[in-house]
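Have a look at work-v8.txt below; it lists compact mmCIF, C-alpha atoms.
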```
# COMPACT_ATOMS: atom_id res chain seq x y z
CA MET A 29 38.73 -16.73 -23.68
CA SER A 30 39.30 -18.40 -20.38
CA THR A 31 40.15 -22.08 -20.47
CA LYS A 32 37.39 -22.62 -17.95
CA ASN A 33 34.87 -21.71 -20.64
CA LYS A 34 35.89 -24.39 -23.15
CA GLU A 35 33.09 -26.68 -22.09
CA PRO A 36 29.94 -24.57 -22.06
CA ALA A 37 27.37 -25.54 -19.47
CA GLN A 38 23.84 -26.43 -20.57
CA GLY A 39 22.14 -23.13 -21.46
CA ASP A 40 18.58 -23.59 -20.22
CA ILE A 41 19.76 -25.30 -17.04
CA GLU A 42 22.29 -22.56 -16.41
CA GLU A 43 19.54 -19.94 -16.57
CA LEU A 44 17.76 -21.73 -13.73
CA LEU A 45 20.75 -21.72 -11.35
CA PRO A 46 19.77 -18.49 -9.49
CA TRP A 47 16.33 -19.89 -8.67
CA HIS A 48 17.81 -23.23 -7.72
CA ALA A 49 20.15 -21.49 -5.26
CA VAL A 50 17.20 -19.75 -3.60
CA GLY A 51 14.98 -22.84 -3.70
CA THR A 52 12.13 -21.37 -5.75
CA LEU A 53 12.16 -23.90 -8.59
CA SER A 54 9.54 -26.58 -9.09
CA ARG A 55 10.54 -30.04 -7.90
CA ARG A 56 10.93 -31.20 -11.49
CA ASP A 57 13.21 -28.34 -12.52
CA SER A 58 15.13 -28.64 -9.30
CA GLN A 59 15.82 -32.31 -10.04
CA ARG A 60 16.96 -31.46 -13.56
CA VAL A 61 19.41 -28.92 -12.17
CA GLU A 62 20.66 -31.31 -9.50
CA GLU A 63 21.34 -34.02 -12.10
CA ALA A 64 23.13 -31.56 -14.39
CA LEU A 65 25.24 -30.25 -11.52
CA ALA A 66 26.26 -33.78 -10.59
CA HIS A 67 27.55 -34.50 -14.11
CA ASP A 68 28.87 -31.13 -15.25
CA PRO A 69 31.82 -29.72 -13.26
CA GLU A 70 31.76 -26.44 -15.22
CA LEU A 71 28.11 -25.95 -14.34
CA ALA A 72 28.92 -26.72 -10.70
CA ARG A 73 31.66 -24.08 -10.76
CA ARG A 74 29.23 -21.51 -12.17
CA TYR A 75 26.71 -22.51 -9.52
CA ALA A 76 29.29 -21.55 -6.90
CA LEU A 77 29.39 -18.06 -8.50
CA VAL A 78 25.62 -17.85 -8.23
CA ARG A 79 25.79 -18.74 -4.55
CA ASP A 80 28.36 -15.96 -3.99
CA GLU A 81 26.02 -13.47 -5.70
CA LEU A 82 23.12 -14.68 -3.61
CA GLY A 83 25.03 -14.28 -0.35
CA GLU A 84 26.29 -10.79 -1.17
CA THR A 85 22.89 -9.62 -2.42
CA ILE A 86 21.40 -10.62 0.92
CA VAL A 87 24.21 -8.83 2.82
CA LEU A 88 23.76 -5.72 0.67
CA ASN A 89 20.01 -5.58 1.25
CA GLU A 90 20.31 -6.30 4.95
CA THR A 91 22.66 -3.34 5.36
CA LEU A 92 20.09 -1.00 3.82
CA GLY A 93 18.49 -0.52 7.21
CA ALA A 94 14.82 -0.04 7.92
CA PRO A 95 12.38 2.82 7.75
CA SER A 96 11.85 4.93 10.86
CA ALA A 97 9.01 4.35 13.29
CA HIS A 98 7.30 7.40 11.77
CA ALA A 99 6.48 5.34 8.67
CA MET A 100 3.76 3.42 10.48
CA GLU A 101 2.49 6.56 12.19
CA LYS A 102 2.30 8.28 8.82
CA LEU A 103 0.43 5.35 7.33
CA PHE A 104 -2.18 5.19 10.08
CA ASN A 105 -2.72 8.95 9.94
CA LYS A 106 -3.56 8.48 6.28
CA ILE A 107 -5.80 5.52 7.05
CA ASP A 108 -7.62 7.59 9.69
CA ALA A 109 -8.26 10.24 7.06
CA GLU A 110 -9.87 7.64 4.77
CA PRO A 111 -13.67 7.51 4.59
CA ALA A 112 -15.22 4.79 6.78
CA ARG A 113 -16.19 1.73 4.83
CA LYS A 114 -18.48 -1.23 5.18
CA PRO A 115 -16.85 -4.61 5.66
CA ALA A 116 -16.88 -6.74 2.53
CA ALA A 117 -19.13 -9.33 4.16
CA SER A 118 -18.83 -12.25 1.75
CA PHE A 119 -15.07 -11.96 1.38
CA TYR A 120 -14.66 -11.60 5.12
CA LEU A 121 -16.84 -14.64 5.79
CA GLY A 122 -14.82 -16.65 3.27
CA ALA A 123 -11.63 -15.72 5.04
CA ARG A 124 -13.07 -16.65 8.42
CA ILE A 125 -14.08 -20.04 7.04
CA GLY A 126 -10.60 -20.46 5.58
CA GLU A 127 -9.05 -19.49 8.89
CA PHE A 128 -11.25 -22.01 10.73
CA PHE A 129 -10.26 -24.88 8.44
CA ALA A 130 -6.60 -23.89 8.64
CA SER A 131 -6.78 -24.23 12.42
CA LEU A 132 -7.97 -27.85 12.24
CA SER A 133 -5.52 -30.73 12.47
CA PRO A 134 -5.28 -33.00 9.38
CA ARG A 135 -7.03 -35.81 11.30
CA THR A 136 -9.91 -33.55 12.37
CA LEU A 137 -10.13 -32.28 8.83
CA ALA A 138 -10.33 -35.84 7.47
CA TRP A 139 -13.13 -36.74 9.90
CA SER A 140 -14.94 -33.49 9.08
CA ALA A 141 -14.66 -34.21 5.37
CA SER A 142 -16.15 -37.69 5.86
CA ALA A 143 -18.99 -36.26 7.94
CA ALA A 144 -19.61 -33.57 5.33
CA ALA A 145 -19.71 -36.16 2.55
CA LEU A 146 -22.27 -38.18 4.51
CA ALA A 147 -24.34 -35.05 5.13
CA ILE A 148 -24.31 -34.24 1.42
CA LEU A 149 -25.52 -37.75 0.60
CA LEU A 150 -28.35 -37.49 3.13
CA GLN A 151 -29.27 -34.05 1.83
CA ALA A 152 -29.30 -35.32 -1.76
CA GLY A 153 -31.66 -38.11 -0.71
CA LEU A 154 -33.91 -35.63 1.05
CA ILE A 155 -34.03 -33.29 -1.94
CA ALA A 156 -34.80 -36.19 -4.27
CA THR A 157 -37.69 -37.24 -2.00
CA VAL A 158 -39.09 -33.69 -1.97
CA VAL A 159 -38.79 -33.36 -5.75
CA ILE A 160 -40.55 -36.69 -6.36
CA LYS A 161 -43.27 -35.73 -3.90
CA ASP A 162 -43.73 -32.34 -5.61
CA LYS A 163 -43.95 -34.04 -9.00
CA ASN A 164 -46.65 -36.33 -7.71
CA ASP A 165 -48.57 -33.32 -6.44
CA GLY A 166 -48.38 -31.97 -9.97
CA GLY A 167 -48.97 -28.40 -8.85
CA TYR A 168 -47.02 -25.18 -8.62
CA GLN A 169 -46.32 -23.38 -5.38
CA THR A 170 -44.33 -20.27 -4.59
CA ALA A 171 -41.51 -20.43 -2.07
CA SER A 172 -43.19 -17.93 0.24
CA ALA A 173 -45.23 -18.81 3.29
CA PRO A 174 -49.00 -19.31 3.01
CA THR A 175 -50.55 -15.97 2.37
CA THR A 176 -51.90 -13.99 5.23
CA ASP A 177 -52.18 -10.26 5.46
CA PRO A 178 -48.56 -9.18 5.93
CA GLY A 179 -49.54 -6.36 8.24
CA VAL A 180 -51.62 -8.47 10.64
CA GLY A 181 -50.20 -10.42 13.56
CA ALA A 182 -47.47 -10.16 16.19
CA PHE A 183 -43.90 -9.66 14.96
CA THR A 184 -40.29 -9.79 16.06
CA LEU A 185 -37.12 -8.61 14.41
CA ILE A 186 -34.52 -11.37 14.24
CA ARG A 187 -30.94 -11.50 13.09
CA PHE A 188 -29.79 -15.11 12.88
CA ALA A 189 -26.46 -16.18 14.33
CA PRO A 190 -23.67 -16.12 11.68
CA GLN A 191 -22.88 -19.81 12.26
CA ALA A 192 -26.53 -20.90 11.82
CA SER A 193 -27.10 -22.85 8.61
CA GLN A 194 -30.17 -22.54 6.43
CA ASP A 195 -31.25 -25.91 7.74
CA ASP A 196 -30.95 -24.73 11.36
CA VAL A 197 -33.05 -21.66 10.59
CA THR A 198 -35.72 -23.71 8.83
CA LYS A 199 -35.97 -26.12 11.78
CA PHE A 200 -36.11 -23.21 14.22
CA LEU A 201 -38.96 -21.53 12.30
CA GLU A 202 -40.92 -24.80 12.04
CA ALA A 203 -40.43 -25.77 15.66
CA ASN A 204 -41.68 -22.40 16.87
CA LYS A 205 -44.41 -22.03 14.20
CA LEU A 206 -42.84 -18.83 12.90
CA THR A 207 -42.97 -17.35 9.41
CA ILE A 208 -40.73 -14.77 7.82
CA ALA A 209 -42.83 -11.75 6.85
CA ALA A 210 -40.05 -9.60 5.38
CA GLY A 211 -36.32 -9.38 5.00
CA PRO A 212 -33.48 -9.55 5.01
CA ALA A 213 -33.17 -5.83 5.70
CA ALA A 214 -30.00 -3.85 6.43
CA GLY A 215 -27.91 -5.60 9.05
CA GLY A 216 -29.34 -9.00 8.11
CA PHE A 217 -32.61 -8.50 10.03
CA TYR A 218 -35.79 -10.45 9.26
CA LYS A 219 -39.31 -9.49 10.30
CA VAL A 220 -40.73 -12.70 11.73
CA ARG A 221 -44.41 -13.33 12.50
CA VAL A 222 -44.88 -15.13 15.83
CA ALA A 223 -48.71 -15.10 15.83
CA VAL A 224 -51.37 -14.47 13.21
CA THR A 225 -53.20 -12.11 15.57
CA GLY A 226 -51.87 -9.28 17.71
CA LEU A 227 -50.57 -10.22 21.17
CA PRO A 228 -50.38 -8.29 24.43
CA LYS A 229 -46.94 -6.73 24.93
CA ALA A 230 -46.12 -8.92 27.95
CA GLU A 231 -46.93 -12.11 26.07
CA LEU A 232 -44.85 -11.02 23.07
CA ALA A 233 -41.96 -10.18 25.40
CA ASN A 234 -42.16 -13.70 26.90
CA ILE A 235 -42.04 -15.24 23.44
CA VAL A 236 -39.01 -13.09 22.54
CA LYS A 237 -37.31 -14.16 25.78
CA LYS A 238 -37.92 -17.82 24.96
CA LEU A 239 -36.74 -17.53 21.36
CA GLN A 240 -33.64 -15.69 22.49
CA GLN A 241 -32.43 -18.91 24.18
CA ASP A 242 -32.09 -20.67 20.83
CA LYS A 243 -28.53 -20.73 19.46
CA VAL A 244 -29.85 -19.94 15.99
CA VAL A 245 -30.85 -16.46 17.16
CA GLY A 246 -28.16 -13.80 17.13
CA PHE A 247 -30.42 -10.89 18.05
CA ILE A 248 -34.17 -10.57 18.63
CA ALA A 249 -36.49 -7.71 19.51
CA THR A 250 -40.18 -6.98 19.29
CA THR A 251 -41.44 -4.87 16.40
CA GLU A 252 -44.67 -3.49 15.01
CA MET B 24 2.19 -21.11 17.54
CA GLN B 25 0.16 -20.66 14.41
CA THR B 26 0.67 -17.38 12.57
CA THR B 27 -2.15 -15.82 10.63
CA SER B 28 -1.53 -16.08 6.91
CA ASP B 29 -1.11 -12.95 4.82
CA GLU B 30 -4.27 -13.89 2.90
CA VAL B 31 -6.33 -13.95 6.10
CA LEU B 32 -4.83 -10.62 7.14
CA ILE B 33 -5.80 -9.12 3.79
CA ALA B 34 -9.34 -10.40 4.21
CA ARG B 35 -9.52 -8.76 7.64
CA ILE B 36 -8.09 -5.55 6.25
CA ALA B 37 -10.81 -5.62 3.60
CA GLY B 38 -13.23 -5.62 6.52
CA GLY B 39 -11.57 -2.52 7.98
CA ASP B 40 -9.47 -4.30 10.65
CA ARG B 41 -6.68 -1.90 11.66
CA LEU B 42 -4.93 -4.49 13.83
CA ALA B 43 -4.56 -6.80 10.83
CA MET B 44 -3.07 -3.85 8.96
CA GLN B 45 -0.53 -3.36 11.74
CA VAL B 46 0.46 -7.03 11.62
CA LEU B 47 0.85 -7.01 7.85
CA PHE B 48 2.87 -3.80 8.01
CA ALA B 49 5.15 -5.18 10.72
CA ARG B 50 5.65 -8.34 8.70
CA HIS B 51 6.52 -6.78 5.35
CA HIS B 52 7.43 -3.11 5.61
CA VAL B 53 11.20 -3.59 5.90
CA ARG B 54 11.45 -5.73 2.78
CA VAL B 55 9.14 -3.46 0.81
CA TYR B 56 11.21 -0.47 1.97
CA ARG B 57 14.46 -2.10 0.85
CA PHE B 58 13.01 -3.05 -2.51
CA VAL B 59 11.84 0.51 -3.06
CA LEU B 60 15.08 2.01 -1.74
CA ARG B 61 17.15 0.01 -4.23
CA LEU B 62 14.99 1.43 -7.00
CA VAL B 63 14.64 5.08 -5.96
CA ARG B 64 18.00 5.33 -4.13
CA ASN B 65 16.73 7.81 -1.58
CA GLU B 66 15.79 6.93 1.99
CA ALA B 67 13.26 9.72 2.56
CA THR B 68 11.55 8.98 -0.75
CA ALA B 69 11.51 5.25 0.01
CA GLU B 70 9.97 5.90 3.42
CA ASP B 71 7.26 8.09 1.91
CA LEU B 72 6.60 5.45 -0.70
CA ILE B 73 6.04 2.60 1.74
CA SER B 74 3.24 4.46 3.47
CA GLU B 75 1.75 4.99 0.00
CA VAL B 76 2.14 1.29 -0.81
CA PHE B 77 0.45 0.14 2.40
CA LEU B 78 -2.28 2.75 2.01
CA ASP B 79 -3.01 1.17 -1.37
CA VAL B 80 -3.09 -2.24 0.31
CA TRP B 81 -5.65 -0.84 2.79
CA ARG B 82 -7.75 0.57 -0.03
CA GLN B 83 -7.47 -2.37 -2.43
CA ALA B 84 -7.60 -5.29 0.02
CA GLY B 85 -11.20 -6.08 -0.92
CA LYS B 86 -10.16 -6.51 -4.53
CA PHE B 87 -7.26 -8.87 -3.80
CA GLU B 88 -8.13 -12.17 -5.47
CA GLY B 89 -5.31 -14.32 -4.18
CA ARG B 90 -3.91 -15.06 -7.63
CA SER B 91 -0.44 -14.28 -6.31
CA ALA B 92 1.18 -14.22 -2.90
CA VAL B 93 0.40 -11.09 -0.88
CA SER B 94 4.10 -10.17 -0.79
CA THR B 95 4.24 -10.41 -4.60
CA TRP B 96 1.17 -8.20 -4.90
CA MET B 97 2.70 -5.63 -2.56
CA LEU B 98 6.00 -5.60 -4.45
CA SER B 99 4.05 -4.96 -7.67
CA ILE B 100 2.38 -1.95 -6.06
CA ALA B 101 5.74 -0.80 -4.66
CA ARG B 102 7.40 -1.08 -8.05
CA PHE B 103 4.67 0.92 -9.73
CA LYS B 104 4.94 3.66 -7.09
CA ALA B 105 8.74 3.73 -7.28
CA LEU B 106 8.78 3.98 -11.06
CA SER B 107 6.19 6.77 -10.98
CA THR B 108 8.41 8.65 -8.54
CA LEU B 109 11.48 8.10 -10.68
CA ARG B 110 9.64 9.54 -13.65
CA ARG B 111 8.91 12.68 -11.63
CA LYS B 112 12.36 13.03 -10.04
CA PRO B 113 15.49 13.12 -12.22
CA GLU B 114 17.51 9.93 -11.73
CA GLN B 115 20.76 11.87 -11.56
CA GLU B 116 19.56 13.58 -8.40
CA LEU B 117 18.64 10.23 -6.82
CA ASP B 118 21.87 8.56 -7.95
CA ASP B 119 23.94 11.31 -6.34
CA GLU B 120 22.12 10.89 -3.07
CA MET B 121 22.63 7.12 -3.19
CA ALA B 122 26.29 7.48 -4.09
CA GLU B 123 26.87 9.66 -1.03
CA ARG B 124 25.22 7.07 1.14
CA ILE B 125 27.17 4.15 -0.34
CA GLU B 126 30.49 5.90 0.07
CA ASP B 127 29.78 6.18 3.76
CA GLN B 128 29.17 2.45 4.02
CA SER B 129 32.26 0.78 2.64
CA ASP B 130 35.50 1.13 0.73
CA ASP B 131 35.52 1.82 -3.00
CA PRO B 132 36.19 -1.22 -5.23
CA GLU B 133 39.96 -0.63 -5.56
CA VAL B 134 40.45 -0.29 -1.82
CA ALA B 135 38.25 -3.27 -1.14
CA LEU B 136 40.17 -5.35 -3.67
CA ALA B 137 43.46 -4.26 -2.10
CA LYS B 138 42.09 -5.63 1.13
CA LYS B 139 41.12 -8.78 -0.80
CA ASP B 140 37.51 -8.36 0.23
CA LYS B 141 35.84 -9.95 -2.75
CA GLY B 142 32.46 -9.76 -1.07
CA ALA B 143 32.69 -5.97 -0.72
CA VAL B 144 33.69 -5.61 -4.39
CA LEU B 145 30.80 -7.81 -5.42
CA ARG B 146 28.40 -5.66 -3.36
CA GLN B 147 29.79 -2.50 -4.93
CA CYS B 148 29.28 -3.97 -8.38
CA LEU B 149 25.73 -5.05 -7.48
CA THR B 150 25.04 -1.42 -6.61
CA ALA B 151 26.54 -0.23 -9.88
CA LEU B 152 24.16 -2.29 -12.02
CA SER B 153 21.38 -0.57 -13.96
CA ALA B 154 18.00 -0.19 -12.23
CA GLU B 155 16.56 -2.97 -14.41
CA HIS B 156 19.33 -5.38 -13.47
CA ARG B 157 19.37 -4.40 -9.78
CA GLU B 158 15.66 -5.00 -9.64
CA ILE B 159 15.73 -8.51 -11.06
CA ILE B 160 18.71 -9.57 -8.95
CA ASP B 161 16.99 -8.32 -5.79
CA LEU B 162 13.68 -9.95 -6.64
CA VAL B 163 15.28 -13.32 -7.28
CA TYR B 164 17.99 -13.41 -4.62
CA TYR B 165 16.66 -11.28 -1.78
CA HIS B 166 12.89 -11.38 -2.18
CA GLU B 167 13.01 -15.06 -3.22
CA LYS B 168 10.57 -14.68 -6.08
CA SER B 169 10.07 -17.46 -8.59
CA VAL B 170 10.27 -16.94 -12.35
CA VAL B 171 6.47 -16.67 -12.53
CA GLU B 172 6.30 -14.20 -9.66
CA VAL B 173 9.03 -11.97 -11.10
CA ALA B 174 7.18 -12.03 -14.43
CA GLY B 175 4.05 -10.86 -12.61
CA ILE B 176 5.79 -8.09 -10.69
CA VAL B 177 7.86 -6.71 -13.55
CA GLY B 178 5.24 -7.36 -16.23
CA ILE B 179 7.41 -9.32 -18.65
CA PRO B 180 7.20 -12.88 -20.06
CA GLU B 181 8.78 -15.70 -18.06
CA ALA B 182 11.38 -16.34 -20.78
CA THR B 183 12.42 -12.68 -20.57
CA VAL B 184 12.79 -13.00 -16.80
CA LYS B 185 15.35 -15.77 -17.29
CA THR B 186 17.29 -13.96 -19.99
CA ARG B 187 17.21 -10.65 -18.09
CA MET B 188 18.58 -12.36 -15.00
CA PHE B 189 21.25 -14.01 -17.14
CA TYR B 190 22.32 -10.65 -18.63
CA ALA B 191 22.25 -8.96 -15.22
CA ARG B 192 24.67 -11.60 -13.95
CA LYS B 193 26.78 -11.28 -17.08
CA LYS B 194 26.99 -7.50 -16.56
CA LEU B 195 27.97 -8.14 -12.96
CA SER B 196 30.84 -10.33 -14.13
CA GLU B 197 31.99 -7.58 -16.50
CA LEU B 198 31.95 -5.00 -13.70
CA LEU B 199 33.91 -7.40 -11.49
CA LYS B 200 36.44 -7.91 -14.25
CA GLU B 201 36.89 -4.14 -14.52
CA GLN B 202 37.71 -4.20 -10.82
CA GLY B 203 40.29 -6.93 -11.31
CA ILE B 204 38.21 -9.99 -10.46
CA ASP B 205 37.93 -12.48 -13.31
CA ARG B 206 35.29 -15.07 -12.54
CA GLY B 207 36.00 -17.02 -15.73
CA TRP B 208 32.42 -16.49 -16.76
CA PRO B 209 30.85 -15.70 -19.16
```
For the file at hand, write its structure as structure tokens.
Amino acid sequence: MSTKNKEPAQGDIEELLPWHAVGTLSRRDSQRVEEALAHDPELARRYALVRDELGETIVLNETLGAPSAHAMEKLFNKIDAEPARKPAASFYLGARIGEFFASLSPRTLAWSASAAALAILLQAGLIATVVIKDKNDGGYQTASAPTTDPGVGAFTLIRFAPQASQDDVTKFLEANKLTIAAGPAAGGFYKVRVAVTGLPKAELANIVKKLQQDKVVGFIATTE
Amino acid sequence: MQTTSDEVLIARIAGGDRLAMQVLFARHHVRVYRFVLRLVRNEATAEDLISEVFLDVWRQAGKFEGRSAVSTWMLSIARFKALSTLRRKPEQELDDEMAERIEDQSDDPEVALAKKDKGAVLRQCLTALSAEHREIIDLVYYHEKSVVEVAGIVGIPEATVKTRMFYARKKLSELLKEQGIDRGWP
């Protein structure tokens, strides 16, 4: 046995040395290793061996080269041969939201969080008021609009802007005296009643033109 | 400049964004290739495998839940593909191909030692380790994976990751000793 081995280094700490050299240990474990290294010369010597291994492993891997440019070509040929698919809407939206928040500075984020907290408080107050009012009414009402014949009236097809909140949409419908007759259909379209009776085409077109100006509207067209 | 995170790229890929796929490929394909190459020991096979790995990423992106880093997830796919290939192709055949390639790169251990190039001997010994030991050394040192991440990629408990790494290093010391380098450990 080598004389260098007479004082064995601490077993569990020694096992962590490779990860300490790379910097992938938790702060707590890293501190434990640092303290042990400071007080155990044998452990420090073994740590130097680990660092040699680390350096040469990197050199070895870096000399392995890289795949040819055909690799990407091959991949995209395979991707092209794949059946077309629909975007995973909810996941995609989540990522976009994540991306948006990641782009904000910490200060902006802090202000946004405060504003959001205030909005939640106001919303809670509003909901409480509505609930109390409903209780006082003592009745039961469905969530749908007051019943009229769903086939009668003048209609548009609307897809709301992706950034529009439910609150924005509700305000938009109220302000323009609109009711949702059906939807959402494929593509996120809603059939929206703009009048309880039929309207001349020109008049309906004018209404569509006016509604189109609202930022809540992503797409609008007349429909039967 | 802010770079788009791998997680955001995966989300875009799930939505069928080819450009995001190109960015992710450009960012990771060399490391994935090297990881696979060290396992299968054949450049052509490794190159075929990386297109398979990234095709899986394209197909499975919508199912990625973000429980691990994207690079860790990709290495898990790569490992599975590489091991499947190894099961189909006799290892001897792959080892011979790798040996030819290595001989072209540097001196054999005796010559390297004569030149007092300890680094070259160490690299030769790293190459001579078993696939299991090569894999763990690469994951920890080159791919910078934590104990938890290695456990996830290899599919073994965290405690086993630590002991396997320890024995891989011990074996390395033995190989070095056979080549005339006594590290005084273990």
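In this structure, the chain B residues at most 6 Å away from chain A are B:Val31, B:Ala34, B:Gly38, B:Val53, B:Glu70, B:Ser74, B:Arg146, B:Tyr164, B:Tyr165, B:Ser169, B:Lys185, B:Gly207, with only C-alpha atoms considered.
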Name the closest residue to Ile248 of chain A among the candidates A:Ala230, A:Leu185, A:Ala203, A:Ala66; distances are taken between atoms, counting only C-alpha atoms. A:Leu185
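Pairwise distance (atom CA of Ala43 of chain B, atom CA of Ser193 of chain A) equals 27.8 Å.
In this comparison, which uses all atoms listed in the file, the residue of A:Ala76, A:Ala109, A:Val197, A:Leu65 approaching Gly246 of chain A most closely is A:Val197.
One finds atom CA of Arg187 of chain A at 28.0 Å from atom CA of Leu150 of chain A.
Going from atom CA of Gly85 of chain B to atom CA of Arg54 of chain B covers 23.0 Å.
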